[in-house]
file my_file_25.pdb (PDB, C-alpha atoms and all ligand atoms)
MODEL        1
ATOM      1  CA  MET A   1    -162.286-167.817-210.580
ATOM      2  CA  LEU A   2    -161.634-165.483-207.629
ATOM      3  CA  TRP A   3    -164.412-167.218-205.657
ATOM      4  CA  GLN A   4    -162.829-170.590-206.358
ATOM      5  CA  ILE A   5    -159.338-169.527-205.290
ATOM      6  CA  MET A   6    -160.688-167.901-202.124
ATOM      7  CA  SER A   7    -162.897-170.912-201.358
ATOM      8  CA  ILE A   8    -160.020-173.354-201.742
ATOM      9  CA  SER A   9    -157.716-171.251-199.525
ATOM     10  CA  LEU A  10    -160.453-170.867-196.950
ATOM     11  CA  SER A  11    -161.258-174.548-196.928
ATOM     12  CA  TRP A  12    -157.574-175.367-196.327
ATOM     13  CA  THR A  13    -157.438-172.772-193.560
ATOM     14  CA  THR A  14    -160.582-174.290-192.053
ATOM     15  CA  HIS A  15    -158.979-177.730-192.087
ATOM     16  CA  ALA A  16    -155.879-176.353-190.398
ATOM     17  CA  ILE A  17    -157.936-174.529-187.765
ATOM     18  CA  LEU A  18    -160.183-177.541-187.087
ATOM     19  CA  PHE A  19    -157.093-179.723-186.748
ATOM     20  CA  GLN A  20    -155.714-177.286-184.151
ATOM     21  CA  ILE A  21    -159.060-177.090-182.348
ATOM     22  CA  PHE A  22    -159.451-180.855-182.011
ATOM     23  CA  HIS A  23    -155.935-181.137-180.678
ATOM     24  CA  MET A  24    -156.504-178.379-178.173
ATOM     25  CA  GLU A  25    -158.204-178.565-174.825
ATOM     26  CA  LYS A  26    -161.745-177.172-174.989
ATOM     27  CA  LYS A  27    -161.059-174.715-172.175
ATOM     28  CA  ILE A  28    -157.965-173.274-173.871
ATOM     29  CA  PHE A  29    -159.831-173.047-177.169
ATOM     30  CA  LEU A  30    -162.737-171.105-175.650
ATOM     31  CA  LYS A  31    -160.405-168.823-173.687
ATOM     32  CA  GLY A  32    -158.570-167.983-176.909
ATOM     33  CA  MET A  33    -161.827-167.271-178.741
ATOM     34  CA  GLN A  34    -163.187-165.088-175.954
ATOM     35  CA  LYS A  35    -160.028-163.008-175.772
ATOM     36  CA  TYR A  36    -160.670-161.478-179.185
ATOM     37  CA  PRO A  37    -164.460-161.736-179.623
ATOM     38  CA  LEU A  38    -164.810-159.136-182.387
ATOM     39  CA  ILE A  39    -162.099-160.728-184.502
ATOM     40  CA  VAL A  40    -163.736-164.140-183.967
ATOM     41  CA  ALA A  41    -167.144-162.707-184.950
ATOM     42  CA  VAL A  42    -165.778-161.174-188.174
ATOM     43  CA  ILE A  43    -163.827-164.297-189.164
ATOM     44  CA  THR A  44    -166.950-166.394-188.466
ATOM     45  CA  GLN A  45    -168.900-164.213-190.906
ATOM     46  CA  VAL A  46    -166.283-164.750-193.626
ATOM     47  CA  PHE A  47    -166.266-168.531-193.145
ATOM     48  CA  VAL A  48    -170.056-168.728-193.051
ATOM     49  CA  LEU A  49    -170.260-166.620-196.227
ATOM     50  CA  PHE A  50    -168.043-169.043-198.129
ATOM     51  CA  PHE A  51    -169.661-172.108-196.595
ATOM     52  CA  LEU A  52    -173.217-171.018-197.491
ATOM     53  CA  ARG A  53    -172.257-169.773-200.916
ATOM     54  CA  ASN A  54    -170.608-173.096-201.793
ATOM     55  CA  LEU A  55    -173.465-175.069-200.243
ATOM     56  CA  PHE A  56    -176.088-173.266-202.347
ATOM     57  CA  VAL A  57    -173.965-173.563-205.513
ATOM     58  CA  MET A  58    -173.308-177.279-204.980
ATOM     59  CA  THR A  59    -176.956-178.049-204.231
ATOM     60  CA  ASN A  60    -178.145-175.839-207.100
ATOM     61  CA  THR A  61    -180.357-173.866-204.740
ATOM     62  CA  ALA A  62    -181.654-170.525-205.987
ATOM     63  CA  ILE A  63    -181.880-168.077-203.110
ATOM     64  CA  THR A  64    -182.611-164.346-202.918
ATOM     65  CA  LEU A  65    -180.006-161.974-201.494
ATOM     66  CA  TRP A  66    -182.063-161.230-198.370
ATOM     67  CA  SER A  67    -182.732-164.905-197.609
ATOM     68  CA  PHE A  68    -179.003-165.503-197.966
ATOM     69  CA  VAL A  69    -178.308-162.583-195.619
ATOM     70  CA  PHE A  70    -180.753-164.028-193.083
ATOM     71  CA  CYS A  71    -179.114-167.504-193.232
ATOM     72  CA  GLN A  72    -175.673-165.914-192.991
ATOM     73  CA  GLY A  73    -176.618-163.871-189.898
ATOM     74  CA  LEU A  74    -178.411-166.768-188.230
ATOM     75  CA  LEU A  75    -175.644-169.331-188.727
ATOM     76  CA  SER A  76    -172.964-166.858-187.613
ATOM     77  CA  ALA A  77    -175.008-165.958-184.516
ATOM     78  CA  LEU A  78    -175.471-169.647-183.627
ATOM     79  CA  LEU A  79    -171.746-170.356-184.028
ATOM     80  CA  CYS A  80    -170.741-167.304-181.952
ATOM     81  CA  GLN A  81    -173.206-168.205-179.225
ATOM     82  CA  PHE A  82    -173.012-171.982-178.950
ATOM     83  CA  VAL A  83    -169.589-172.911-180.322
ATOM     84  CA  PHE A  84    -167.399-169.945-179.397
ATOM     85  CA  LYS A  85    -169.557-168.930-176.395
ATOM     86  CA  LEU A  86    -169.159-165.196-177.021
ATOM     87  CA  PRO A  87    -171.226-162.720-174.965
ATOM     88  CA  LYS A  88    -174.951-162.544-175.773
ATOM     89  CA  TRP A  89    -174.763-159.213-177.624
ATOM     90  CA  PHE A  90    -172.750-160.925-180.354
ATOM     91  CA  ILE A  91    -176.025-162.512-181.472
ATOM     92  CA  VAL A  92    -177.229-159.011-182.409
ATOM     93  CA  ILE A  93    -173.901-158.078-184.029
ATOM     94  CA  SER A  94    -173.846-161.327-186.028
ATOM     95  CA  LEU A  95    -177.385-160.789-187.300
ATOM     96  CA  LEU A  96    -176.960-157.105-188.148
ATOM     97  CA  LEU A  97    -173.501-157.175-189.737
ATOM     98  CA  PRO A  98    -174.463-158.985-192.991
ATOM     99  CA  LEU A  99    -177.722-157.029-193.115
ATOM    100  CA  PHE A 100    -176.015-153.608-192.955
ATOM    101  CA  PHE A 101    -173.222-154.736-195.236
ATOM    102  CA  SER A 102    -175.656-155.956-197.923
ATOM    103  CA  ALA A 103    -177.900-152.900-197.552
ATOM    104  CA  ALA A 104    -174.896-150.571-198.018
ATOM    105  CA  TRP A 105    -173.685-152.655-200.965
ATOM    106  CA  THR A 106    -177.116-152.682-202.617
ATOM    107  CA  TYR A 107    -178.408-149.173-201.981
ATOM    108  CA  LEU A 108    -175.554-146.777-201.207
ATOM    109  CA  HIS A 109    -173.364-147.297-204.277
ATOM    110  CA  ILE A 110    -170.306-145.876-202.546
ATOM    111  CA  SER A 111    -167.016-146.532-204.299
ATOM    112  CA  ALA A 112    -164.670-149.135-202.821
ATOM    113  CA  GLY A 113    -162.063-146.407-202.199
ATOM    114  CA  ILE A 114    -164.389-144.563-199.799
ATOM    115  CA  TYR A 115    -165.029-147.805-197.889
ATOM    116  CA  GLY A 116    -161.262-148.284-197.745
ATOM    117  CA  ILE A 117    -160.704-144.779-196.334
ATOM    118  CA  ILE A 118    -163.508-145.195-193.766
ATOM    119  CA  PHE A 119    -162.038-148.564-192.773
ATOM    120  CA  ILE A 120    -158.546-147.085-192.263
ATOM    121  CA  ILE A 121    -159.903-144.173-190.165
ATOM    122  CA  LEU A 122    -161.958-146.571-188.024
ATOM    123  CA  ALA A 123    -159.009-148.951-187.615
ATOM    124  CA  LEU A 124    -156.716-146.090-186.540
ATOM    125  CA  THR A 125    -159.336-144.926-184.039
ATOM    126  CA  PHE A 126    -160.703-148.140-182.580
ATOM    127  CA  SER A 127    -157.673-150.458-182.699
ATOM    128  CA  HIS A 128    -158.064-151.302-178.995
ATOM    129  CA  THR A 129    -161.652-152.369-179.304
ATOM    130  CA  LEU A 130    -160.459-155.358-181.300
ATOM    131  CA  LYS A 131    -157.284-156.133-179.419
ATOM    132  CA  GLU A 132    -158.128-155.432-175.786
ATOM    133  CA  ARG A 133    -161.882-154.966-175.761
ATOM    134  CA  VAL A 134    -161.494-151.327-174.693
ATOM    135  CA  PRO A 135    -163.976-149.264-176.675
ATOM    136  CA  LEU A 136    -163.927-145.468-176.974
ATOM    137  CA  TYR A 137    -166.283-143.759-174.567
ATOM    138  CA  LEU A 138    -165.486-140.456-172.922
ATOM    139  CA  SER A 139    -165.638-139.207-169.338
ATOM    140  CA  ASN A 140    -168.235-136.493-168.811
ATOM    141  CA  ASN A 141    -167.873-133.068-167.145
ATOM    142  CA  THR A 142    -169.223-134.345-163.801
ATOM    143  CA  THR A 143    -166.383-136.897-163.780
ATOM    144  CA  HIS A 144    -163.854-134.170-164.666
ATOM    145  CA  ASP A 145    -165.117-132.119-161.673
ATOM    146  CA  SER A 146    -164.907-135.076-159.330
ATOM    147  CA  LEU A 147    -161.353-135.844-160.492
ATOM    148  CA  LYS A 148    -160.375-132.203-159.892
ATOM    149  CA  LYS A 149    -161.693-132.562-156.340
ATOM    150  CA  ILE A 150    -159.694-135.732-155.762
ATOM    151  CA  ILE A 151    -156.438-134.227-157.052
ATOM    152  CA  ALA A 152    -156.979-131.214-154.771
ATOM    153  CA  GLU A 153    -157.580-133.535-151.775
ATOM    154  CA  GLN A 154    -154.458-135.520-152.716
ATOM    155  CA  LYS A 155    -152.441-132.343-153.267
ATOM    156  CA  ALA A 156    -151.341-134.103-156.458
ATOM    157  CA  LYS A 157    -148.613-132.598-158.622
ATOM    158  CA  LYS A 158    -148.586-135.063-161.482
ATOM    159  CA  VAL A 159    -151.544-136.935-162.911
ATOM    160  CA  LEU A 160    -151.999-139.460-165.699
ATOM    161  CA  ASP A 161    -154.939-140.657-167.753
ATOM    162  CA  LEU A 162    -154.290-144.215-168.929
ATOM    163  CA  GLY A 163    -155.861-144.510-172.374
ATOM    164  CA  SER A 164    -156.659-140.843-172.758
ATOM    165  CA  GLY A 165    -158.958-141.058-175.804
ATOM    166  CA  LEU A 166    -159.655-137.558-177.116
ATOM    167  CA  GLY A 167    -157.735-136.038-174.195
ATOM    168  CA  GLY A 168    -160.689-134.379-172.419
ATOM    169  CA  VAL A 169    -159.556-135.537-168.961
ATOM    170  CA  VAL A 170    -155.937-134.494-169.585
ATOM    171  CA  ARG A 171    -156.950-130.970-170.637
ATOM    172  CA  ALA A 172    -159.508-130.579-167.838
ATOM    173  CA  LEU A 173    -156.963-131.573-165.172
ATOM    174  CA  ALA A 174    -154.212-129.430-166.727
ATOM    175  CA  ALA A 175    -156.383-126.428-165.872
ATOM    176  CA  GLU A 176    -155.836-127.273-162.169
ATOM    177  CA  ASN A 177    -152.145-126.377-162.279
ATOM    178  CA  VAL A 178    -150.891-129.938-162.172
ATOM    179  CA  ILE A 179    -148.663-131.679-164.690
ATOM    180  CA  SER A 180    -151.265-133.575-166.655
ATOM    181  CA  HIS A 181    -150.306-136.424-168.976
ATOM    182  CA  GLY A 182    -152.172-138.968-171.011
ATOM    183  CA  VAL A 183    -151.091-142.086-172.843
ATOM    184  CA  GLU A 184    -152.978-143.184-175.918
ATOM    185  CA  SER A 185    -151.910-145.661-178.551
ATOM    186  CA  ALA A 186    -154.722-145.447-181.115
ATOM    187  CA  PRO A 187    -152.975-143.291-183.780
ATOM    188  CA  MET A 188    -155.954-141.157-184.792
ATOM    189  CA  LEU A 189    -156.969-140.370-181.199
ATOM    190  CA  TRP A 190    -153.392-139.559-180.262
ATOM    191  CA  LEU A 191    -153.008-137.240-183.260
ATOM    192  CA  VAL A 192    -156.225-135.296-182.589
ATOM    193  CA  SER A 193    -155.763-135.068-178.808
ATOM    194  CA  SER A 194    -152.085-134.143-178.815
ATOM    195  CA  ALA A 195    -152.774-131.431-181.409
ATOM    196  CA  GLN A 196    -155.507-130.048-179.105
ATOM    197  CA  SER A 197    -153.158-130.181-176.105
ATOM    198  CA  LEU A 198    -150.461-128.419-178.087
ATOM    199  CA  ILE A 199    -152.791-125.682-179.360
ATOM    200  CA  THR A 200    -154.445-125.078-175.986
ATOM    201  CA  ARG A 201    -151.153-125.599-174.082
ATOM    202  CA  SER A 202    -152.893-127.949-171.691
ATOM    203  CA  GLY A 203    -151.309-131.235-170.800
ATOM    204  CA  PHE A 204    -149.333-133.666-172.906
ATOM    205  CA  ILE A 205    -150.358-136.889-174.586
ATOM    206  CA  TYR A 206    -147.791-139.620-175.187
ATOM    207  CA  ARG A 207    -148.291-142.044-178.029
ATOM    208  CA  LYS A 208    -147.685-145.086-175.907
ATOM    209  CA  ASN A 209    -149.197-148.340-174.851
ATOM    210  CA  ILE A 210    -150.479-148.552-171.269
ATOM    211  CA  TRP A 211    -148.433-151.684-170.697
ATOM    212  CA  GLN A 212    -145.213-149.886-171.630
ATOM    213  CA  THR A 213    -145.938-146.858-169.436
ATOM    214  CA  ASN A 214    -144.126-146.464-166.147
ATOM    215  CA  LEU A 215    -146.564-145.480-163.410
ATOM    216  CA  ASN A 216    -144.120-144.662-160.611
ATOM    217  CA  ASP A 217    -143.940-140.944-161.252
ATOM    218  CA  TYR A 218    -147.605-140.029-160.762
ATOM    219  CA  ASP A 219    -149.670-139.019-157.714
ATOM    220  CA  VAL A 220    -153.037-139.775-159.295
ATOM    221  CA  ILE A 221    -153.706-142.189-162.139
ATOM    222  CA  TYR A 222    -157.102-142.374-163.774
ATOM    223  CA  ALA A 223    -158.397-145.119-166.073
ATOM    224  CA  PHE A 224    -161.688-145.598-167.902
ATOM    225  CA  LEU A 225    -161.024-148.823-169.751
ATOM    226  CA  SER A 226    -162.763-152.194-169.600
ATOM    227  CA  PRO A 227    -163.532-154.956-167.092
ATOM    228  CA  ALA A 228    -161.513-157.310-169.335
ATOM    229  CA  ILE A 229    -158.145-155.830-168.300
ATOM    230  CA  MET A 230    -158.691-154.574-164.738
ATOM    231  CA  GLU A 231    -157.058-157.522-163.016
ATOM    232  CA  LYS A 232    -153.915-157.321-165.155
ATOM    233  CA  LEU A 233    -153.795-153.527-164.846
ATOM    234  CA  PHE A 234    -154.019-153.616-161.068
ATOM    235  CA  LEU A 235    -150.993-155.935-160.879
ATOM    236  CA  LYS A 236    -149.080-153.197-162.731
ATOM    237  CA  VAL A 237    -150.501-150.525-160.403
ATOM    238  CA  GLU A 238    -149.419-152.489-157.325
ATOM    239  CA  GLU A 239    -145.965-153.038-158.727
ATOM    240  CA  GLU A 240    -145.269-149.520-159.948
ATOM    241  CA  MET A 241    -147.343-146.845-158.206
ATOM    242  CA  LYS A 242    -145.599-145.115-155.323
ATOM    243  CA  PRO A 243    -146.891-145.172-151.724
ATOM    244  CA  GLY A 244    -149.427-142.403-151.038
ATOM    245  CA  SER A 245    -150.590-142.271-154.663
ATOM    246  CA  VAL A 246    -154.092-143.041-155.862
ATOM    247  CA  PHE A 247    -155.480-145.161-158.678
ATOM    248  CA  ILE A 248    -158.999-144.331-159.878
ATOM    249  CA  SER A 249    -161.040-146.543-162.163
ATOM    250  CA  ASN A 250    -164.187-145.194-163.765
ATOM    251  CA  SER A 251    -167.018-147.772-163.729
ATOM    252  CA  PHE A 252    -164.903-150.913-163.560
ATOM    253  CA  ALA A 253    -163.874-152.306-160.204
ATOM    254  CA  VAL A 254    -160.825-154.500-159.855
ATOM    255  CA  PRO A 255    -162.150-158.040-159.311
ATOM    256  CA  SER A 256    -161.521-159.417-155.825
ATOM    257  CA  VAL A 257    -159.840-156.209-154.560
ATOM    258  CA  LYS A 258    -161.838-153.984-152.223
ATOM    259  CA  ALA A 259    -161.694-150.320-153.266
ATOM    260  CA  SER A 260    -160.557-147.856-150.572
ATOM    261  CA  GLU A 261    -163.543-145.715-151.542
ATOM    262  CA  VAL A 262    -166.309-145.636-154.149
ATOM    263  CA  ARG A 263    -167.731-142.273-155.216
ATOM    264  CA  ILE A 264    -171.097-142.292-156.967
ATOM    265  CA  LEU A 265    -171.462-139.201-159.114
ATOM    266  CA  ASP A 266    -174.565-137.151-159.646
ATOM    267  CA  ASP A 267    -174.830-137.645-163.409
ATOM    268  CA  GLY A 268    -177.316-139.463-165.621
ATOM    269  CA  ARG A 269    -175.545-142.810-165.474
ATOM    270  CA  LYS A 270    -174.612-142.548-161.778
ATOM    271  CA  THR A 271    -170.931-142.992-162.637
ATOM    272  CA  GLN A 272    -168.986-144.923-160.051
ATOM    273  CA  LEU A 273    -165.371-144.004-159.376
ATOM    274  CA  TYR A 274    -163.440-146.811-157.680
ATOM    275  CA  ILE A 275    -160.578-145.318-155.704
ATOM    276  CA  TYR A 276    -157.606-147.471-154.664
ATOM    277  CA  ARG A 277    -155.115-145.805-152.336
ATOM    278  CA  ARG A 278    -151.563-147.125-152.351
TER
HETATM  279  C1  LIG B 301    -162.949-145.643-172.716
HETATM  280  S1  LIG B 301    -161.750-144.672-173.518
HETATM  281  C2  LIG B 301    -161.436-143.465-172.245
HETATM  282  C3  LIG B 301    -160.980-142.134-172.799
HETATM  283  C4  LIG B 301    -160.611-141.101-171.754
HETATM  284  N1  LIG B 301    -159.730-141.654-170.744
HETATM  285  C5  LIG B 301    -161.821-140.542-171.081
HETATM  286  O1  LIG B 301    -162.106-140.988-169.966
HETATM  287  O2  LIG B 301    -162.500-139.681-171.652
HETATM  288  C6  LIG B 301    -160.364-145.766-173.414
HETATM  289  C7  LIG B 301    -159.174-145.342-174.264
HETATM  290  O3  LIG B 301    -158.074-146.167-173.930
HETATM  291  C8  LIG B 301    -157.327-146.409-175.111
HETATM  292  N2  LIG B 301    -156.546-147.639-174.872
HETATM  293  C9  LIG B 301    -157.032-148.875-174.686
HETATM  294  N3  LIG B 301    -156.046-149.758-174.483
HETATM  295  C10 LIG B 301    -154.894-149.058-174.535
HETATM  296  C11 LIG B 301    -153.520-149.414-174.416
HETATM  297  N4  LIG B 301    -153.148-150.667-174.193
HETATM  298  N5  LIG B 301    -152.601-148.432-174.518
HETATM  299  C12 LIG B 301    -152.964-147.146-174.756
HETATM  300  N6  LIG B 301    -154.260-146.750-174.887
HETATM  301  C13 LIG B 301    -155.201-147.696-174.779
HETATM  302  C14 LIG B 301    -158.380-146.555-176.190
HETATM  303  O4  LIG B 301    -157.845-146.316-177.483
HETATM  304  C15 LIG B 301    -159.385-145.487-175.768
HETATM  305  O5  LIG B 301    -159.109-144.270-176.377
ENDMDL
END
call {"tool": "encode", "arguments": {"input": "my_file_25.pdb", "output": "structure tokens", "more": "lines below"}}
Ligand SMILES: C[S@@+](CC[C@H](N)C(=O)[O-])C[C@H]1O[C@@H](n2cnc3c(N)ncnc32)[C@H](O)[C@@H]1O
result
Amino acid sequence: MLWQIMSISLSWTTHAILFQIFHMEKKIFLKGMQKYPLIVAVITQVFVLFFLRNLFVMTNTAITLWSFVFCQGLLSALLCQFVFKLPKWFIVISLLLPLFFSAAWTYLHISAGIYGIIFIILALTFSHTLKERVPLYLSNNTTHDSLKKIIAEQKAKKVLDLGSGLGGVVRALAAENVISHGVESAPMLWLVSSAQSLITRSGFIYRKNIWQTNLNDYDVIYAFLSPAIMEKLFLKVEEEMKPGSVFISNSFAVPSVKASEVRILDDGRKTQLYIYRR
């Protein structure tokens, strides 16, 4: 019964979506899809699951779980690649997602409540990965040292880490006798990092969105985000950062803007710091 209700609702939703798609310009459609690739990949899996399940039921085809999982992964990967034109690594995600999901379902026997709790923790931690394609990766100690050098050269008094993650940069720079702030909007990361800042009395993390943060008060602003938002972010930097201040982007250059300086760090991944002086 539940399957039937869900199938009917999904088939109506599919009709509505297809109607929208065919009345939309291809370019706009693809741009929309590529803006939220993870959400598109997950929704694709759900649609493919219902499509295949109904197909096999209607055609009376007996199929083993693992063959189903293979078909599910393959069809989702093909749709993500050739219809929605998502980046190549979504082929791997599309193939592995149903495999891991079915393996966990079959072998781990974890209660639904635990899955729910894990899901909530992950959602509170990685909300930006879905919305803005900014995953959580952290700056290393070599980067902290290089940033300390730059703030000393700049004689900076106030510094900001845009999207401060677990707050490592904020605390490291606070040790240099500057006012060190971070903004972080993922609730779990904000909670953990602001508690650490409070306990160690080093820096302050605001629970705020980057786009609602005023940049005009800072001498040095650091960001380690994603190529997907650099162009938009730099417009904000140009509009709000004061003359003489410095914007530093770890790893991701601003497209079509020449950096004032690029520092290549002596760490394993040869981190590149793109420095834009205002
Ligand atoms: C790659 S991590 C960098 C963490 C930290 N700055 C570091 O270098 O160690 C990017 C962080 O930015 C946060 N973030 C992404 N978009 C954001 C937004 N619009 N507002 C606030 N934080 C954001 C993410 O939640 C994530 O913690």
call {"tool": "atom_distance", "arguments": {"input": "my_file_25.pdb", "atom1": "atom N5 of ligand LIG 301 (chain B)", "atom2": "atom CA of A:Val183"}}
result
6.7 Å
call {"tool": "residues_near_ligand", "arguments": {"input": "my_file_25.pdb", "ligand": "ligand LIG 301 (chain B)", "cutoff": "6 Å", "atoms": "all atoms listed in the file", "output": "VMD selection string"}}
result
chain A and resid 128 134 to 139 161 163 to 165 168 to 169 183 to 186 208 to 211 223 to 225
call {"tool": "residues_around", "arguments": {"input": "my_file_25.pdb", "residues": "A:Gln81", "least_positions_apart": "6", "cutoff": "8 Å", "atoms": "only C-alpha atoms", "output": "number ranges by chain"}}
result
A: 87-88, 90-91
call {"tool": "residues_near_point", "arguments": {"input": "my_file_25.pdb", "point": "(-141.5, -139.7, -160.6)", "cutoff": "10 Å", "atoms": "all atoms listed in the file", "output": "short mmCIF file (atom, residue, chain, number, x, y, z; two decimals) with C-alpha atoms, in the frame of the given file"}}
result
data_model
loop_
_atom_site.label_atom_id
_atom_site.label_comp_id
_atom_site.auth_asym_id
_atom_site.auth_seq_id
_atom_site.Cartn_x
_atom_site.Cartn_y
_atom_site.Cartn_z
CA LYS A 158 -148.59 -135.06 -161.48
CA ASN A 214 -144.13 -146.46 -166.15
CA LEU A 215 -146.56 -145.48 -163.41
CA ASN A 216 -144.12 -144.66 -160.61
CA ASP A 217 -143.94 -140.94 -161.25
CA TYR A 218 -147.60 -140.03 -160.76
CA ASP A 219 -149.67 -139.02 -157.71
CA MET A 241 -147.34 -146.84 -158.21
CA LYS A 242 -145.60 -145.12 -155.32
#
call {"tool": "closest_residue", "arguments": {"input": "my_file_25.pdb", "among": "A:Ile43, A:Val220, A:Val170, A:Leu65", "to": "A:Leu198", "atoms": "only C-alpha atoms"}}
result
A:Val170
call {"tool": "closest_residue", "arguments": {"input": "my_file_25.pdb", "among": "A:Val178, A:Gly73, A:Trp89, A:Ser197", "to": "A:Leu166", "atoms": "only C-alpha atoms"}}
result
A:Ser197
call {"tool": "closest_residue", "arguments": {"input": "my_file_25.pdb", "among": "A:Pro255, A:Glu176, A:Arg263, A:Val57", "to": "A:Ala156", "atoms": "all atoms listed in the file"}}
result
A:Glu176
call {"tool": "closest_residue", "arguments": {"input": "my_file_25.pdb", "among": "A:Arg277, A:Leu74, A:Tyr222, A:Lys258", "to": "A:Thr143", "atoms": "only C-alpha atoms"}}
result
A:Tyr222
call {"tool": "atom_distance", "arguments": {"input": "my_file_25.pdb", "atom1": "atom CA of A:Leu273", "atom2": "atom CA of A:Phe247"}}
result
10.0 Å
call {"tool": "closest_residue", "arguments": {"input": "my_file_25.pdb", "among": "A:Phe204, A:Phe119, A:Trp190, A:Tyr276", "to": "A:Leu160", "atoms": "only C-alpha atoms"}}
result
A:Phe204
call {"tool": "atom_distance", "arguments": {"input": "my_file_25.pdb", "atom1": "atom CA of A:Leu191", "atom2": "atom CA of A:Gln212"}}
result
18.9 Å
call {"tool": "closest_residue", "arguments": {"input": "my_file_25.pdb", "among": "A:Val237, A:Val46, A:Ile117, A:Ile221", "to": "A:Leu162", "atoms": "only C-alpha atoms"}}
result
A:Ile221
call {"tool": "residues_around", "arguments": {"input": "my_file_25.pdb", "residues": "stretch 103-105 of chain A", "least_positions_apart": "6", "cutoff": "10 Å", "atoms": "only C-alpha atoms", "output": "list in words"}}
result
Trp66, Val69, Leu97, Ser111 and Ala112 of chain A
call {"tool": "residues_around", "arguments": {"input": "my_file_25.pdb", "residues": "A:Ala253", "least_positions_apart": "6", "cutoff": "10 Å", "atoms": "all atoms listed in the file", "output": "list in words"}}
result
Ser226, Pro227, Met230, Glu231, Phe234, Ala259, Val262, Gln272, Leu273, Tyr274, Ile275 and Tyr276 of chain A
call {"tool": "build_atoms", "arguments": {"input": "my_file_25.pdb", "residues": "stretch 239-252 of chain A", "atoms": "N, CA and C atoms", "output": "PDB file, in the coordinates of the input"}}
result
ATOM      1  N   GLU A 239    -147.413-152.922-158.568  1.00  0.00           N
ATOM      2  CA  GLU A 239    -145.965-153.038-158.727  1.00  0.00           C
ATOM      3  C   GLU A 239    -145.300-151.678-158.868  1.00  0.00           C
ATOM      4  N   GLU A 240    -145.981-150.737-159.549  1.00  0.00           N
ATOM      5  CA  GLU A 240    -145.269-149.520-159.948  1.00  0.00           C
ATOM      6  C   GLU A 240    -145.684-148.234-159.235  1.00  0.00           C
ATOM      7  N   MET A 241    -146.924-148.148-158.772  1.00  0.00           N
ATOM      8  CA  MET A 241    -147.343-146.845-158.206  1.00  0.00           C
ATOM      9  C   MET A 241    -146.711-146.640-156.829  1.00  0.00           C
ATOM     10  N   LYS A 242    -146.332-145.379-156.567  1.00  0.00           N
ATOM     11  CA  LYS A 242    -145.599-145.115-155.323  1.00  0.00           C
ATOM     12  C   LYS A 242    -146.558-145.034-154.129  1.00  0.00           C
ATOM     13  N   PRO A 243    -146.043-145.260-152.915  1.00  0.00           N
ATOM     14  CA  PRO A 243    -146.891-145.172-151.724  1.00  0.00           C
ATOM     15  C   PRO A 243    -147.497-143.767-151.608  1.00  0.00           C
ATOM     16  N   GLY A 244    -148.751-143.705-151.200  1.00  0.00           N
ATOM     17  CA  GLY A 244    -149.427-142.403-151.038  1.00  0.00           C
ATOM     18  C   GLY A 244    -150.152-141.971-152.306  1.00  0.00           C
ATOM     19  N   SER A 245    -149.913-142.656-153.414  1.00  0.00           N
ATOM     20  CA  SER A 245    -150.590-142.271-154.663  1.00  0.00           C
ATOM     21  C   SER A 245    -151.966-142.953-154.741  1.00  0.00           C
ATOM     22  N   VAL A 246    -152.715-142.563-155.769  1.00  0.00           N
ATOM     23  CA  VAL A 246    -154.092-143.041-155.862  1.00  0.00           C
ATOM     24  C   VAL A 246    -154.382-143.515-157.282  1.00  0.00           C
ATOM     25  N   PHE A 247    -155.046-144.658-157.375  1.00  0.00           N
ATOM     26  CA  PHE A 247    -155.480-145.161-158.678  1.00  0.00           C
ATOM     27  C   PHE A 247    -157.008-145.097-158.721  1.00  0.00           C
ATOM     28  N   ILE A 248    -157.535-144.481-159.777  1.00  0.00           N
ATOM     29  CA  ILE A 248    -158.999-144.331-159.878  1.00  0.00           C
ATOM     30  C   ILE A 248    -159.476-145.035-161.137  1.00  0.00           C
ATOM     31  N   SER A 249    -160.474-145.895-160.976  1.00  0.00           N
ATOM     32  CA  SER A 249    -161.040-146.543-162.163  1.00  0.00           C
ATOM     33  C   SER A 249    -162.504-146.129-162.314  1.00  0.00           C
ATOM     34  N   ASN A 250    -162.808-145.591-163.486  1.00  0.00           N
ATOM     35  CA  ASN A 250    -164.187-145.194-163.765  1.00  0.00           C
ATOM     36  C   ASN A 250    -164.987-146.438-164.162  1.00  0.00           C
ATOM     37  N   SER A 251    -166.021-146.724-163.410  1.00  0.00           N
ATOM     38  CA  SER A 251    -167.018-147.772-163.729  1.00  0.00           C
ATOM     39  C   SER A 251    -166.584-149.217-163.519  1.00  0.00           C
ATOM     40  N   PHE A 252    -165.293-149.507-163.619  1.00  0.00           N
ATOM     41  CA  PHE A 252    -164.903-150.913-163.560  1.00  0.00           C
ATOM     42  C   PHE A 252    -164.053-151.185-162.327  1.00  0.00           C
TER      43      PHE A 252
END
